[in-house]
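Have a look at upload24.tsv; it's TSV, C-alpha atoms and all ligand atoms:
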chain	number	residue	atom	x	y	z
A	1	MET	CA	35.07	-17.43	37.34
A	2	GLN	CA	36.94	-18.23	34.17
A	3	SER	CA	34.41	-20.93	33.19
A	4	LYS	CA	31.52	-18.51	33.80
A	5	PHE	CA	33.16	-16.07	31.42
A	6	LEU	CA	33.56	-18.86	28.88
A	7	ILE	CA	29.86	-19.80	29.15
A	8	LEU	CA	28.90	-16.14	28.71
A	9	LEU	CA	31.03	-15.93	25.58
A	10	VAL	CA	29.44	-19.08	24.14
A	11	VAL	CA	25.93	-17.75	24.89
A	12	LEU	CA	26.76	-14.40	23.31
A	13	PHE	CA	28.19	-16.13	20.26
A	14	PHE	CA	25.07	-18.23	19.66
A	15	THR	CA	22.68	-15.35	20.40
A	16	GLY	CA	24.63	-13.24	17.93
A	17	CYS	CA	24.39	-16.00	15.33
A	18	ALA	CA	20.64	-16.32	15.92
A	19	VAL	CA	20.06	-12.58	15.48
A	20	HIS	CA	22.27	-12.52	12.43
A	21	HIS	CA	20.45	-15.54	10.99
A	22	GLN	CA	17.07	-13.93	11.70
A	23	GLN	CA	18.12	-10.81	9.80
A	24	GLU	CA	19.56	-12.89	6.99
A	25	ASP	CA	16.40	-14.89	6.48
A	26	ILE	CA	13.78	-12.36	7.42
A	27	VAL	CA	11.92	-13.08	4.17
A	28	GLY	CA	11.73	-16.81	4.82
A	29	THR	CA	10.79	-16.38	8.46
A	30	ASP	CA	8.07	-13.86	7.70
A	31	PHE	CA	6.58	-15.89	4.87
A	32	ASP	CA	6.58	-18.95	7.07
A	33	PHE	CA	4.68	-16.96	9.69
A	34	ALA	CA	2.37	-15.53	7.00
A	35	SER	CA	1.62	-18.98	5.69
A	36	ARG	CA	0.42	-20.18	9.08
A	37	GLN	CA	-1.38	-16.96	9.93
A	38	LEU	CA	-3.18	-16.68	6.58
A	39	GLN	CA	-4.53	-20.21	6.86
A	40	ILE	CA	-6.21	-18.98	10.02
A	41	ALA	CA	-7.37	-15.85	8.20
A	42	VAL	CA	-9.05	-17.90	5.49
A	43	SER	CA	-10.95	-20.03	8.00
A	44	GLU	CA	-11.94	-16.91	9.99
A	45	VAL	CA	-13.23	-15.24	6.82
A	46	GLU	CA	-15.24	-18.30	5.83
A	47	LYS	CA	-16.69	-18.50	9.33
A	48	ALA	CA	-17.58	-14.81	9.40
A	49	LYS	CA	-19.20	-15.00	5.97
A	50	GLN	CA	-21.80	-17.40	7.31
A	51	ASN	CA	-23.26	-14.61	9.47
A	52	GLU	CA	-23.09	-11.95	6.76
A	53	THR	CA	-24.95	-11.02	3.60
A	54	PRO	CA	-23.40	-12.63	0.48
A	55	ASP	CA	-21.99	-9.31	-0.73
A	56	LYS	CA	-19.35	-9.31	2.04
A	57	VAL	CA	-16.28	-10.80	0.42
A	58	SER	CA	-12.94	-9.63	1.88
A	59	PRO	CA	-11.53	-8.94	5.35
A	60	ARG	CA	-10.48	-5.36	6.11
A	61	THR	CA	-9.77	-5.13	9.85
A	62	ILE	CA	-10.92	-6.26	13.30
A	63	GLU	CA	-13.74	-4.24	14.87
A	64	SER	CA	-13.54	-2.91	18.43
A	65	GLU	CA	-15.76	-5.77	19.66
A	66	GLY	CA	-13.23	-8.20	18.23
A	67	CYS	CA	-15.25	-9.28	15.15
A	68	LEU	CA	-13.75	-9.58	11.73
A	69	HIS	CA	-14.84	-6.68	9.52
A	70	LEU	CA	-15.74	-8.03	6.09
A	71	VAL	CA	-16.33	-5.64	3.20
A	72	PRO	CA	-18.25	-5.84	-0.07
A	73	SER	CA	-16.37	-5.72	-3.36
A	74	ARG	CA	-17.13	-2.01	-3.78
A	75	ASP	CA	-15.04	-1.14	-0.69
A	76	TRP	CA	-11.63	0.30	-1.63
A	77	THR	CA	-9.86	-2.43	0.36
A	78	SER	CA	-11.55	-5.46	-1.23
A	79	GLY	CA	-8.57	-6.34	-3.45
A	80	PHE	CA	-5.90	-6.55	-0.77
A	81	PHE	CA	-6.80	-9.93	0.68
A	82	PRO	CA	-6.89	-11.63	-2.74
A	83	GLY	CA	-3.62	-9.81	-3.54
A	84	THR	CA	-2.05	-11.09	-0.34
A	85	LEU	CA	-3.01	-14.63	-1.35
A	86	TRP	CA	-1.43	-14.11	-4.77
A	87	TYR	CA	1.80	-13.02	-3.05
A	88	MET	CA	1.66	-16.22	-0.99
A	89	TYR	CA	1.34	-18.19	-4.21
A	90	GLU	CA	4.20	-16.24	-5.78
A	91	TYR	CA	6.50	-16.97	-2.85
A	92	THR	CA	5.55	-20.59	-2.22
A	93	ASP	CA	4.54	-21.75	-5.72
A	94	ASN	CA	1.95	-23.81	-3.86
A	95	ASN	CA	-1.30	-24.37	-5.77
A	96	GLN	CA	-3.37	-24.24	-2.61
A	97	TRP	CA	-2.62	-20.53	-2.37
A	98	LYS	CA	-3.34	-20.13	-6.06
A	99	GLU	CA	-6.78	-21.70	-5.70
A	100	LEU	CA	-7.58	-19.50	-2.71
A	101	ALA	CA	-6.33	-16.40	-4.53
A	102	LYS	CA	-8.51	-17.27	-7.55
A	103	LYS	CA	-11.56	-17.73	-5.37
A	104	TYR	CA	-11.25	-14.42	-3.51
A	105	THR	CA	-10.26	-12.58	-6.68
A	106	ALA	CA	-13.37	-13.79	-8.51
A	107	SER	CA	-15.58	-12.22	-5.85
A	108	ILE	CA	-14.68	-8.71	-6.90
A	109	GLU	CA	-15.16	-8.99	-10.66
A	110	PRO	CA	-18.35	-6.83	-10.59
A	111	GLU	CA	-16.15	-3.84	-9.76
A	112	LYS	CA	-14.90	-3.68	-13.33
A	113	MET	CA	-18.09	-1.77	-14.20
A	114	ASN	CA	-18.16	0.45	-11.10
A	115	GLY	CA	-17.46	3.98	-12.29
A	116	ASN	CA	-18.40	5.59	-8.97
A	117	THR	CA	-14.90	5.54	-7.52
A	118	HIS	CA	-11.24	6.08	-8.38
A	119	ASP	CA	-10.24	3.08	-6.25
A	120	MET	CA	-10.30	0.75	-9.25
A	121	GLY	CA	-6.53	0.28	-9.15
A	122	PHE	CA	-6.45	-0.68	-5.49
A	123	LYS	CA	-9.27	-3.14	-6.00
A	124	MET	CA	-8.51	-4.66	-9.38
A	125	TYR	CA	-4.76	-4.30	-9.87
A	126	CYS	CA	-3.85	-5.80	-6.49
A	127	SER	CA	-6.15	-8.77	-7.14
A	128	PHE	CA	-6.62	-9.41	-10.87
A	129	GLY	CA	-3.38	-7.57	-11.71
A	130	ASN	CA	-1.27	-9.92	-9.61
A	131	GLY	CA	-3.38	-12.84	-10.80
A	132	TYR	CA	-2.73	-11.96	-14.45
A	133	ARG	CA	0.98	-11.39	-13.85
A	134	LEU	CA	1.30	-14.84	-12.29
A	135	THR	CA	-1.08	-16.91	-14.43
A	136	LYS	CA	-1.58	-15.05	-17.74
A	137	ASP	CA	-5.27	-15.99	-17.54
A	138	GLN	CA	-6.87	-14.15	-20.48
A	139	ASN	CA	-10.10	-13.70	-18.59
A	140	TYR	CA	-8.18	-11.69	-15.99
A	141	ARG	CA	-6.73	-9.57	-18.79
A	142	ASP	CA	-10.23	-8.78	-20.14
A	143	ILE	CA	-11.45	-7.87	-16.66
A	144	LEU	CA	-8.47	-5.57	-16.09
A	145	LEU	CA	-8.95	-3.85	-19.45
A	146	GLN	CA	-12.61	-3.24	-18.69
A	147	SER	CA	-11.58	-1.87	-15.27
A	148	ALA	CA	-9.14	0.57	-16.88
A	149	LYS	CA	-11.83	1.63	-19.37
A	150	THR	CA	-14.22	2.31	-16.51
A	151	LEU	CA	-11.61	4.23	-14.51
A	152	ILE	CA	-10.85	6.71	-17.28
A	153	THR	CA	-14.51	7.76	-17.43
A	154	ARG	CA	-13.63	9.76	-14.30
A	155	PHE	CA	-11.04	11.87	-16.13
A	156	LYS	CA	-11.79	15.61	-16.20
A	157	PRO	CA	-9.93	17.02	-19.22
A	158	LYS	CA	-10.04	20.70	-18.24
A	159	ALA	CA	-8.48	20.04	-14.83
A	160	GLY	CA	-6.32	17.20	-16.21
A	161	ILE	CA	-7.12	14.82	-13.37
A	162	ILE	CA	-9.15	11.74	-12.47
A	163	ARG	CA	-11.85	12.55	-9.96
A	164	SER	CA	-11.38	10.63	-6.70
A	165	TRP	CA	-14.44	10.85	-4.49
A	166	ASP	CA	-18.12	11.40	-5.27
A	167	HIS	CA	-19.10	11.92	-1.62
A	168	ASN	CA	-19.16	15.17	0.40
A	169	THR	CA	-20.45	17.21	-2.55
A	170	ASP	CA	-21.26	20.02	-0.12
A	171	LYS	CA	-17.54	20.31	0.66
A	172	TRP	CA	-15.78	19.67	-2.65
A	173	GLN	CA	-16.70	20.04	-6.30
A	174	CYS	CA	-14.15	17.60	-7.70
A	175	PRO	CA	-11.85	16.17	-5.02
A	176	VAL	CA	-8.58	14.46	-5.92
A	177	ILE	CA	-6.72	12.64	-3.17
A	178	ILE	CA	-3.02	11.79	-3.12
A	179	ASP	CA	-4.01	8.10	-2.80
A	180	ASN	CA	-5.21	8.31	-6.41
A	181	MET	CA	-1.57	8.09	-7.56
A	182	MET	CA	-1.75	4.39	-6.74
A	183	ASN	CA	-4.59	3.80	-9.21
A	184	LEU	CA	-2.51	4.99	-12.16
A	185	GLU	CA	-0.61	1.70	-12.28
A	186	LEU	CA	-3.68	0.02	-13.77
A	187	LEU	CA	-3.73	2.63	-16.55
A	188	PHE	CA	-0.03	2.18	-17.37
A	189	TRP	CA	-0.65	-1.56	-17.47
A	190	ALA	CA	-3.57	-1.04	-19.90
A	191	PHE	CA	-1.35	1.11	-22.12
A	192	ASN	CA	1.39	-1.53	-22.14
A	193	GLU	CA	-1.15	-4.21	-23.08
A	194	THR	CA	-3.05	-2.31	-25.77
A	195	GLN	CA	-0.70	0.48	-26.89
A	196	ASP	CA	-3.75	2.74	-26.64
A	197	SER	CA	-2.09	6.00	-25.61
A	198	VAL	CA	-5.23	7.39	-24.00
A	199	TYR	CA	-4.40	5.43	-20.83
A	200	TYR	CA	-0.85	6.72	-20.79
A	201	HIS	CA	-1.81	10.36	-21.36
A	202	ILE	CA	-4.46	10.32	-18.65
A	203	ALA	CA	-2.09	8.74	-16.13
A	204	VAL	CA	0.72	11.18	-16.94
A	205	SER	CA	-1.61	14.16	-16.89
A	206	HIS	CA	-2.97	13.16	-13.49
A	207	ALA	CA	0.52	12.61	-12.07
A	208	LYS	CA	1.83	15.96	-13.37
A	209	LYS	CA	-1.19	17.88	-12.05
A	210	THR	CA	-0.61	16.16	-8.71
A	211	ILE	CA	2.98	17.43	-8.63
A	212	GLU	CA	1.70	20.90	-9.51
A	213	ASN	CA	-1.04	21.15	-6.93
A	214	HIS	CA	-0.72	18.59	-4.14
A	215	PHE	CA	2.71	19.46	-2.80
A	216	ARG	CA	4.02	22.09	-0.45
A	217	GLN	CA	7.48	23.63	-0.73
A	218	ASP	CA	8.95	21.01	1.60
A	219	TYR	CA	7.53	18.21	-0.62
A	220	SER	CA	4.96	17.15	1.93
A	221	SER	CA	1.56	16.55	0.42
A	222	TYR	CA	-1.97	17.70	1.05
A	223	HIS	CA	-4.48	14.90	1.08
A	224	VAL	CA	-7.35	16.41	-0.95
A	225	ILE	CA	-7.19	19.00	-3.74
A	226	ASP	CA	-10.54	20.29	-4.90
A	227	TYR	CA	-10.75	21.27	-8.59
A	228	ASP	CA	-13.20	23.33	-10.58
A	229	THR	CA	-13.90	21.05	-13.52
A	230	ILE	CA	-15.08	23.93	-15.76
A	231	THR	CA	-12.07	26.21	-15.33
A	232	GLY	CA	-9.53	23.61	-14.09
A	233	GLU	CA	-8.67	25.91	-11.15
A	234	VAL	CA	-7.78	24.64	-7.70
A	235	LEU	CA	-10.53	25.57	-5.25
A	236	LYS	CA	-9.27	24.10	-1.96
A	237	LYS	CA	-6.30	22.33	-0.42
A	238	ASN	CA	-7.37	20.07	2.45
A	239	THR	CA	-6.18	17.13	4.53
A	240	HIS	CA	-9.17	14.97	5.34
A	241	GLN	CA	-7.63	11.92	7.05
A	242	GLY	CA	-4.72	13.76	8.68
A	243	TYR	CA	-4.43	15.96	11.75
A	244	ALA	CA	-4.94	19.32	10.02
A	245	HIS	CA	-5.15	20.79	6.54
A	246	GLU	CA	-1.49	21.84	6.76
A	247	SER	CA	-0.22	18.61	8.33
A	248	ALA	CA	1.51	15.65	6.68
A	249	TRP	CA	-0.75	12.60	6.96
A	250	ALA	CA	1.66	9.67	7.01
A	251	ARG	CA	-0.09	7.29	4.62
A	252	GLY	CA	-0.66	10.13	2.16
A	253	GLN	CA	3.10	10.73	2.01
A	254	ALA	CA	3.55	6.99	1.48
A	255	TRP	CA	1.04	6.83	-1.38
A	256	GLY	CA	2.81	9.73	-3.08
A	257	MET	CA	6.26	8.24	-2.70
A	258	TYR	CA	5.15	4.85	-4.03
A	259	GLY	CA	3.03	6.39	-6.80
A	260	PHE	CA	5.76	8.61	-8.25
A	261	THR	CA	8.32	5.79	-8.08
A	262	MET	CA	5.92	3.68	-10.12
A	263	CYS	CA	5.33	6.58	-12.57
A	264	TYR	CA	9.09	6.80	-13.14
A	265	ARG	CA	9.23	3.05	-13.85
A	266	GLU	CA	6.44	3.40	-16.41
A	267	THR	CA	7.56	6.61	-18.16
A	268	GLY	CA	11.28	7.13	-17.55
A	269	ASP	CA	10.46	10.80	-16.98
A	270	PRO	CA	13.03	12.20	-14.50
A	271	VAL	CA	10.42	14.59	-13.08
A	272	PHE	CA	8.74	11.62	-11.42
A	273	LEU	CA	12.01	10.25	-10.06
A	274	GLU	CA	12.89	13.64	-8.57
A	275	GLN	CA	9.46	13.85	-6.98
A	276	ALA	CA	9.80	10.39	-5.41
A	277	GLN	CA	13.28	11.24	-4.12
A	278	ALA	CA	12.11	14.54	-2.64
A	279	ILE	CA	9.15	12.91	-0.87
A	280	THR	CA	11.50	10.25	0.49
A	281	ASP	CA	13.81	12.97	1.83
A	282	PHE	CA	10.87	14.70	3.45
A	283	ILE	CA	9.81	11.48	5.20
A	284	PHE	CA	13.24	10.36	6.37
A	285	THR	CA	14.56	13.73	7.52
A	286	HIS	CA	11.41	14.59	9.43
A	287	LYS	CA	12.08	15.34	13.08
A	288	ASN	CA	9.07	13.24	14.08
A	289	MET	CA	10.12	10.09	12.25
A	290	PRO	CA	10.68	7.60	15.10
A	291	ALA	CA	13.97	5.74	15.44
A	292	ASP	CA	12.36	2.46	14.36
A	293	LEU	CA	11.09	4.13	11.13
A	294	ILE	CA	7.45	3.16	11.70
A	295	PRO	CA	5.70	6.55	11.29
A	296	TYR	CA	3.13	8.04	13.58
A	297	TRP	CA	-0.23	8.34	11.78
A	298	ASP	CA	0.53	12.00	10.98
A	299	PHE	CA	3.99	13.58	11.02
A	300	ASP	CA	2.48	16.62	12.74
A	301	ALA	CA	0.22	14.84	15.21
A	302	PRO	CA	0.20	17.01	18.33
A	303	GLU	CA	0.91	14.44	21.05
A	304	ILE	CA	3.91	12.71	19.48
A	305	PRO	CA	5.40	10.45	20.90
A	306	ASP	CA	2.05	9.53	22.47
A	307	GLU	CA	0.27	9.04	19.16
A	308	PRO	CA	-0.70	5.84	17.34
A	309	ARG	CA	1.63	4.56	14.66
A	310	ASP	CA	0.57	3.69	11.17
A	311	VAL	CA	2.16	0.41	10.18
A	312	SER	CA	0.36	0.55	6.82
A	313	ALA	CA	2.33	3.70	5.94
A	314	ALA	CA	5.53	1.90	6.92
A	315	THR	CA	4.85	-1.11	4.68
A	316	VAL	CA	3.97	1.08	1.66
A	317	ILE	CA	7.15	3.10	2.24
A	318	ALA	CA	9.33	-0.02	2.59
A	319	SER	CA	7.98	-1.49	-0.63
A	320	ALA	CA	8.49	1.81	-2.48
A	321	LEU	CA	12.05	2.15	-1.13
A	322	TYR	CA	13.10	-1.18	-2.62
A	323	GLU	CA	11.79	-0.12	-6.01
A	324	LEU	CA	13.26	3.37	-5.78
A	325	SER	CA	16.66	1.85	-4.99
A	326	LEU	CA	16.65	0.37	-8.51
A	327	TYR	CA	16.43	3.80	-10.13
A	328	ASP	CA	18.76	5.83	-7.92
A	329	THR	CA	22.09	4.08	-7.71
A	330	LEU	CA	23.63	6.91	-5.68
A	331	ASN	CA	21.13	6.48	-2.86
A	332	ALA	CA	20.34	2.79	-3.37
A	333	GLY	CA	22.30	1.64	-0.31
A	334	LYS	CA	20.59	4.15	1.94
A	335	TYR	CA	17.11	3.31	0.61
A	336	ARG	CA	17.63	-0.43	1.05
A	337	GLN	CA	19.01	0.07	4.53
A	338	TRP	CA	15.90	2.06	5.53
A	339	ALA	CA	13.60	-0.55	4.02
A	340	ASP	CA	15.50	-3.36	5.76
A	341	THR	CA	15.25	-1.51	9.06
A	342	ILE	CA	11.49	-1.12	8.63
A	343	LEU	CA	11.03	-4.82	7.86
A	344	THR	CA	13.28	-5.90	10.73
A	345	ASN	CA	11.41	-3.72	13.21
A	346	LEU	CA	8.00	-4.78	11.91
A	347	SER	CA	9.03	-8.42	12.19
A	348	ARG	CA	10.33	-8.00	15.72
A	349	ASP	CA	7.82	-5.63	17.32
A	350	TYR	CA	4.65	-5.32	15.24
A	351	LEU	CA	3.65	-8.84	14.18
A	352	SER	CA	0.52	-10.41	15.57
A	353	PRO	CA	1.17	-13.34	17.90
A	354	LEU	CA	0.74	-16.52	15.88
A	355	GLY	CA	-2.86	-17.74	15.89
A	356	GLU	CA	-4.32	-14.46	17.07
A	357	ASN	CA	-5.99	-11.43	15.49
A	358	LYS	CA	-8.11	-13.38	13.00
A	359	GLY	CA	-5.05	-14.21	10.96
A	360	PHE	CA	-3.92	-10.65	10.25
A	361	LEU	CA	-0.14	-10.35	10.05
A	362	LEU	CA	0.61	-6.91	11.46
A	363	LEU	CA	-0.77	-4.85	14.33
A	364	HIS	CA	-0.78	-1.06	14.90
A	365	SER	CA	-2.09	0.55	11.73
A	366	THR	CA	-4.32	3.60	11.66
A	367	GLY	CA	-7.12	4.01	9.13
A	368	SER	CA	-8.62	7.39	9.94
A	369	LYS	CA	-7.82	8.96	13.29
A	370	PRO	CA	-9.93	12.13	12.78
A	371	MET	CA	-13.02	9.95	12.26
A	372	ASN	CA	-11.94	7.78	15.19
A	373	SER	CA	-12.06	4.87	12.80
A	374	GLU	CA	-9.59	1.96	12.71
A	375	VAL	CA	-7.09	3.38	15.17
A	376	ASP	CA	-4.22	1.08	16.20
A	377	VAL	CA	-5.61	-2.02	14.47
A	378	PRO	CA	-4.59	-4.58	11.86
A	379	LEU	CA	-5.46	-3.55	8.29
A	380	SER	CA	-5.52	-5.72	5.17
A	381	TYR	CA	-3.45	-3.25	3.16
A	382	ALA	CA	-0.66	-3.15	5.75
A	383	ASP	CA	-0.35	-6.92	5.31
A	384	TYR	CA	-0.49	-6.70	1.51
A	385	TYR	CA	2.34	-4.17	1.19
A	386	PHE	CA	4.33	-6.05	3.85
A	387	LEU	CA	4.41	-9.18	1.71
A	388	GLU	CA	5.08	-7.08	-1.39
A	389	ALA	CA	8.06	-5.44	0.33
A	390	LEU	CA	9.41	-8.83	1.41
A	391	LEU	CA	9.11	-10.15	-2.14
A	392	ARG	CA	10.85	-7.08	-3.50
A	393	LYS	CA	13.64	-7.54	-0.97
A	394	GLN	CA	14.02	-11.15	-2.04
A	395	LYS	CA	14.06	-10.25	-5.74
A	396	LEU	CA	16.74	-7.62	-5.17
A	397	LYS	CA	18.86	-10.17	-3.37
A	398	SER	CA	18.47	-12.78	-6.05
A	399	GLY	CA	18.95	-10.18	-8.80
A	400	LYS	CA	15.59	-11.01	-10.48
A	501	LIG	N1	-7.13	5.21	0.29
A	501	LIG	C1	-7.66	5.45	1.57
A	501	LIG	C2	-6.67	5.46	2.67
A	501	LIG	O1	-5.47	5.44	2.47
A	501	LIG	O2	-7.13	5.49	3.80
Spell out the structure here as C-alpha cells.
Amino acid sequence: MQSKFLILLVVLFFTGCAVHHQQEDIVGTDFDFASRQLQIAVSEVEKAKQNETPDKVSPRTIESEGCLHLVPSRDWTSGFFPGTLWYMYEYTDNNQWKELAKKYTASIEPEKMNGNTHDMGFKMYCSFGNGYRLTKDQNYRDILLQSAKTLITRFKPKAGIIRSWDHNTDKWQCPVIIDNMMNLELLFWAFNETQDSVYYHIAVSHAKKTIENHFRQDYSSYHVIDYDTITGEVLKKNTHQGYAHESAWARGQAWGMYGFTMCYRETGDPVFLEQAQAITDFIFTHKNMPADLIPYWDFDAPEIPDEPRDVSAATVIASALYELSLYDTLNAGKYRQWADTILTNLSRDYLSPLGENKGFLLLHSTGSKPMNSEVDVPLSYADYYFLEALLRKQKLKSGK
C-alpha cells in the first residue's frame, strides 16, 4: 500500500513538472509545432496553386470539401500567410523562412496601387511591414509608402474617416467598419518614415471619429457605421458580420481593442489608452465570455454555450493584451495573465493535430456566421496573430 502511494507521488511530481515546463516554454513548444506545420502548409499551397489560376497567391482557410482555399492578392487576408512566415523568420533567424516570406510577400505587391479597399494595412503591413522591419529592404519601404499613399485616397474630409467598403451601395453610402482601425498602423508607420503629417492627421481623425460613433455606452462596438460624406452625419449603425445590429461581434471588439492600443503607442494620447482599457473591460467582464477565454463568435449569440467559438478573436485579443500591459502598469499583471491563459488554452485545446488541416495551426475560428461562411474552421489570420502574441510574450519575458 505504502509503495503504491509512493509511486503515485512520483507520478504526480513528474506530471506536475511536465505541465509546469509546458507552461514555462509555451513559446518554444508552439513555435516548434508551427515550424513543422508551416512546412506542410507551404507544400500544400504549392500543390494547390498548380490547379488554380496564377492570381491565387495565399491560403485563407479550408473549404467544406476539404480543399485549401487560396485567395488572390486583392483579398483582405492575402498578407497574413507572408506575415506568418516573417514571424517564423523572426523567431528562428533561419534564412529558409526568410526566403519563403520574401517569395509570398512579393506576390502581393500589386496591391500597393489598389485604392478600392481600406484593407491595405492588413495586406501590406502584415507582409511588407514585417519584411521591412526585419530586413530594412528599401524596396519594401517604397512599396509600403505607395500603399499608404493609396490608402489615404479613401479619406473623406467632411466625415473625418477613411471609407471601408465599396460594396453594398444600396445599403450604405459610406460604410466604415471597426476593422478599419487595424489599417491605421500603416499610416502611422508612413508618418514616422516621412514626417509627412498628413498620414498622422488622417489616422488620428479616423480613430477619434470611431470613438465618437462606433461605440455604445458599455464600450461595445457596432461593426459598420454609415456616413453621409457631404454632411459628415452618421446615417446608420449596423453589425454586418455579427448576430444583430445591437450585438457585440467578437472579432469586431478584438479589432477595436488592438487598434486603440496601437493608436496609443503611436500618439501617446490618453484618450486612446482609455478606449482600449474600456473595450478590454467590456470583453473580460462579459457574462458570456467562456472560462477558457476563447470567445464565442458573438458575445450575444442566442444559443450560447452551443455556438461556435472564434479563435481568431482570441488571438487578436491576446496579442493586444500583451501590448496594452506595457502602457497600463496598474493592470499589467491582469492583462498578461489573461493573455497567458488564452495562449495556454489555445495550445492545449485548439491546435490542429500535427500534419493535418493543410498546415494551419489553429482550429475553430469563425469568419462570418450570418453568411454561413467559414464557420468553425482554421483561418490564416488566427494563425498570424497567434504567432504575433507568442512573440510579444517572449519579448516581454526577455525585456526586449
Ligand atoms: N476584416 C474582416 C473580418 O474581420 O472578417
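For the atom pair formed by CA of Pro370 (chain A) and CA of Asp306 (chain A), the distance is 15.6 Å, given to one decimal.
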(request) Give the residue list for ligand LIG 501 (chain A) at 7 Å, counting all atoms listed in the file, as a PyMOL selection string, sorted by chain and then by residue number. (result) chain A and resi 76+179+251-252+367-368
(message) From the options A:Ser127, A:Thr53, A:Thr117, A:Thr315, which residue's atoms come nearest to Lys103 (chain A), counting all atoms listed in the file?
(response)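 Closest to Lys103 (chain A) of all the choices is A:Ser127.
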(request) Write out as an NGL selection string the residues lying within 12 Å of Ser365 (chain A), counting only C-alpha atoms and excluding same-chain residues fewer than 3 positions away. (result) :A and (60-62 or 250-251 or 294-298 or 307-316 or 346 or 350-352 or 360-362 or 368-369 or 373-383)
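Within 8 Å of the file-frame point (-11.8, 3.1, -12.1), and using only C-alpha atoms, the polymer residues found are Lys112, Asn114, Gly115, Asn116, Thr117, His118, Asp119, Met120, Gly121, Ser147, Ala148, Lys149, Thr150, Leu151, Ile152, Thr153, Arg154 and Asn183 of chain A.
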Using all atoms listed in the file, determine which residues lie at most 10 Å from Gly131 (chain A), disregarding the query and same-chain residues fewer than 4 positions distant; provide the list as a CSV table (one decimal) with C-alpha atoms, keeping the file's coordinate frame.
chain,number,residue,atom,x,y,z
A,82,PRO,CA,-6.9,-11.6,-2.7
A,83,GLY,CA,-3.6,-9.8,-3.5
A,85,LEU,CA,-3.0,-14.6,-1.4
A,86,TRP,CA,-1.4,-14.1,-4.8
A,87,TYR,CA,1.8,-13.0,-3.0
A,89,TYR,CA,1.3,-18.2,-4.2
A,90,GLU,CA,4.2,-16.2,-5.8
A,98,LYS,CA,-3.3,-20.1,-6.1
A,101,ALA,CA,-6.3,-16.4,-4.5
A,102,LYS,CA,-8.5,-17.3,-7.6
A,105,THR,CA,-10.3,-12.6,-6.7
A,124,MET,CA,-8.5,-4.7,-9.4
A,125,TYR,CA,-4.8,-4.3,-9.9
A,126,CYS,CA,-3.8,-5.8,-6.5
A,127,SER,CA,-6.2,-8.8,-7.1
A,135,THR,CA,-1.1,-16.9,-14.4
A,136,LYS,CA,-1.6,-15.0,-17.7
A,137,ASP,CA,-5.3,-16.0,-17.5
A,140,TYR,CA,-8.2,-11.7,-16.0
A,141,ARG,CA,-6.7,-9.6,-18.8
(request) Between A:Lys287, A:Arg133, A:His69, A:Lys393, single out the one closest to Lys47 (chain A), counting only C-alpha atoms. (result)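 Looking at the shortest contact to Lys47 (chain A), the residue is A:His69.
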Quick one: what's the axis-aligned box for region 258-275 of chain A, all listed atoms, 5 Å on every side, centre and edges in Å to one decimal, as JSON?
{"center_x": 8.0, "center_y": 8.8, "center_z": -11.1, "size_x": 20.0, "size_y": 21.5, "size_z": 24.1}
(message) Env of region 167-178 of chain A: 12 Å cut, atoms = all atoms listed in the file, seq-sep filter 4 positions within chain, self excluded. Answer as a PyMOL selection string.
(response) chain A and resi 116-119+154-156+158-163+182-184+206-207+209-211+213-215+220-241+248-260
Taking C-alpha atoms for each residue, export the selection above as a tab-separated table (two decimals), in the coordinates of the input.
chain	number	residue	atom	x	y	z
A	116	ASN	CA	-18.40	5.59	-8.97
A	117	THR	CA	-14.90	5.54	-7.52
A	118	HIS	CA	-11.24	6.08	-8.38
A	119	ASP	CA	-10.24	3.08	-6.25
A	154	ARG	CA	-13.63	9.76	-14.30
A	155	PHE	CA	-11.04	11.87	-16.13
A	156	LYS	CA	-11.79	15.61	-16.20
A	158	LYS	CA	-10.04	20.70	-18.24
A	159	ALA	CA	-8.48	20.04	-14.83
A	160	GLY	CA	-6.32	17.20	-16.21
A	161	ILE	CA	-7.12	14.82	-13.37
A	162	ILE	CA	-9.15	11.74	-12.47
A	163	ARG	CA	-11.85	12.55	-9.96
A	182	MET	CA	-1.75	4.39	-6.74
A	183	ASN	CA	-4.59	3.80	-9.21
A	184	LEU	CA	-2.51	4.99	-12.16
A	206	HIS	CA	-2.97	13.16	-13.49
A	207	ALA	CA	0.52	12.61	-12.07
A	209	LYS	CA	-1.19	17.88	-12.05
A	210	THR	CA	-0.61	16.16	-8.71
A	211	ILE	CA	2.98	17.43	-8.63
A	213	ASN	CA	-1.04	21.15	-6.93
A	214	HIS	CA	-0.72	18.59	-4.14
A	215	PHE	CA	2.71	19.46	-2.80
A	220	SER	CA	4.96	17.15	1.93
A	221	SER	CA	1.56	16.55	0.42
A	222	TYR	CA	-1.97	17.70	1.05
A	223	HIS	CA	-4.48	14.90	1.08
A	224	VAL	CA	-7.35	16.41	-0.95
A	225	ILE	CA	-7.19	19.00	-3.74
A	226	ASP	CA	-10.54	20.29	-4.90
A	227	TYR	CA	-10.75	21.27	-8.59
A	228	ASP	CA	-13.20	23.33	-10.58
A	229	THR	CA	-13.90	21.05	-13.52
A	230	ILE	CA	-15.08	23.93	-15.76
A	231	THR	CA	-12.07	26.21	-15.33
A	232	GLY	CA	-9.53	23.61	-14.09
A	233	GLU	CA	-8.67	25.91	-11.15
A	234	VAL	CA	-7.78	24.64	-7.70
A	235	LEU	CA	-10.53	25.57	-5.25
A	236	LYS	CA	-9.27	24.10	-1.96
A	237	LYS	CA	-6.30	22.33	-0.42
A	238	ASN	CA	-7.37	20.07	2.45
A	239	THR	CA	-6.18	17.13	4.53
A	240	HIS	CA	-9.17	14.97	5.34
A	241	GLN	CA	-7.63	11.92	7.05
A	248	ALA	CA	1.51	15.65	6.68
A	249	TRP	CA	-0.75	12.60	6.96
A	250	ALA	CA	1.66	9.67	7.01
A	251	ARG	CA	-0.09	7.29	4.62
A	252	GLY	CA	-0.66	10.13	2.16
A	253	GLN	CA	3.10	10.73	2.01
A	254	ALA	CA	3.55	6.99	1.48
A	255	TRP	CA	1.04	6.83	-1.38
A	256	GLY	CA	2.81	9.73	-3.08
A	257	MET	CA	6.26	8.24	-2.70
A	258	TYR	CA	5.15	4.85	-4.03
A	259	GLY	CA	3.03	6.39	-6.80
A	260	PHE	CA	5.76	8.61	-8.25
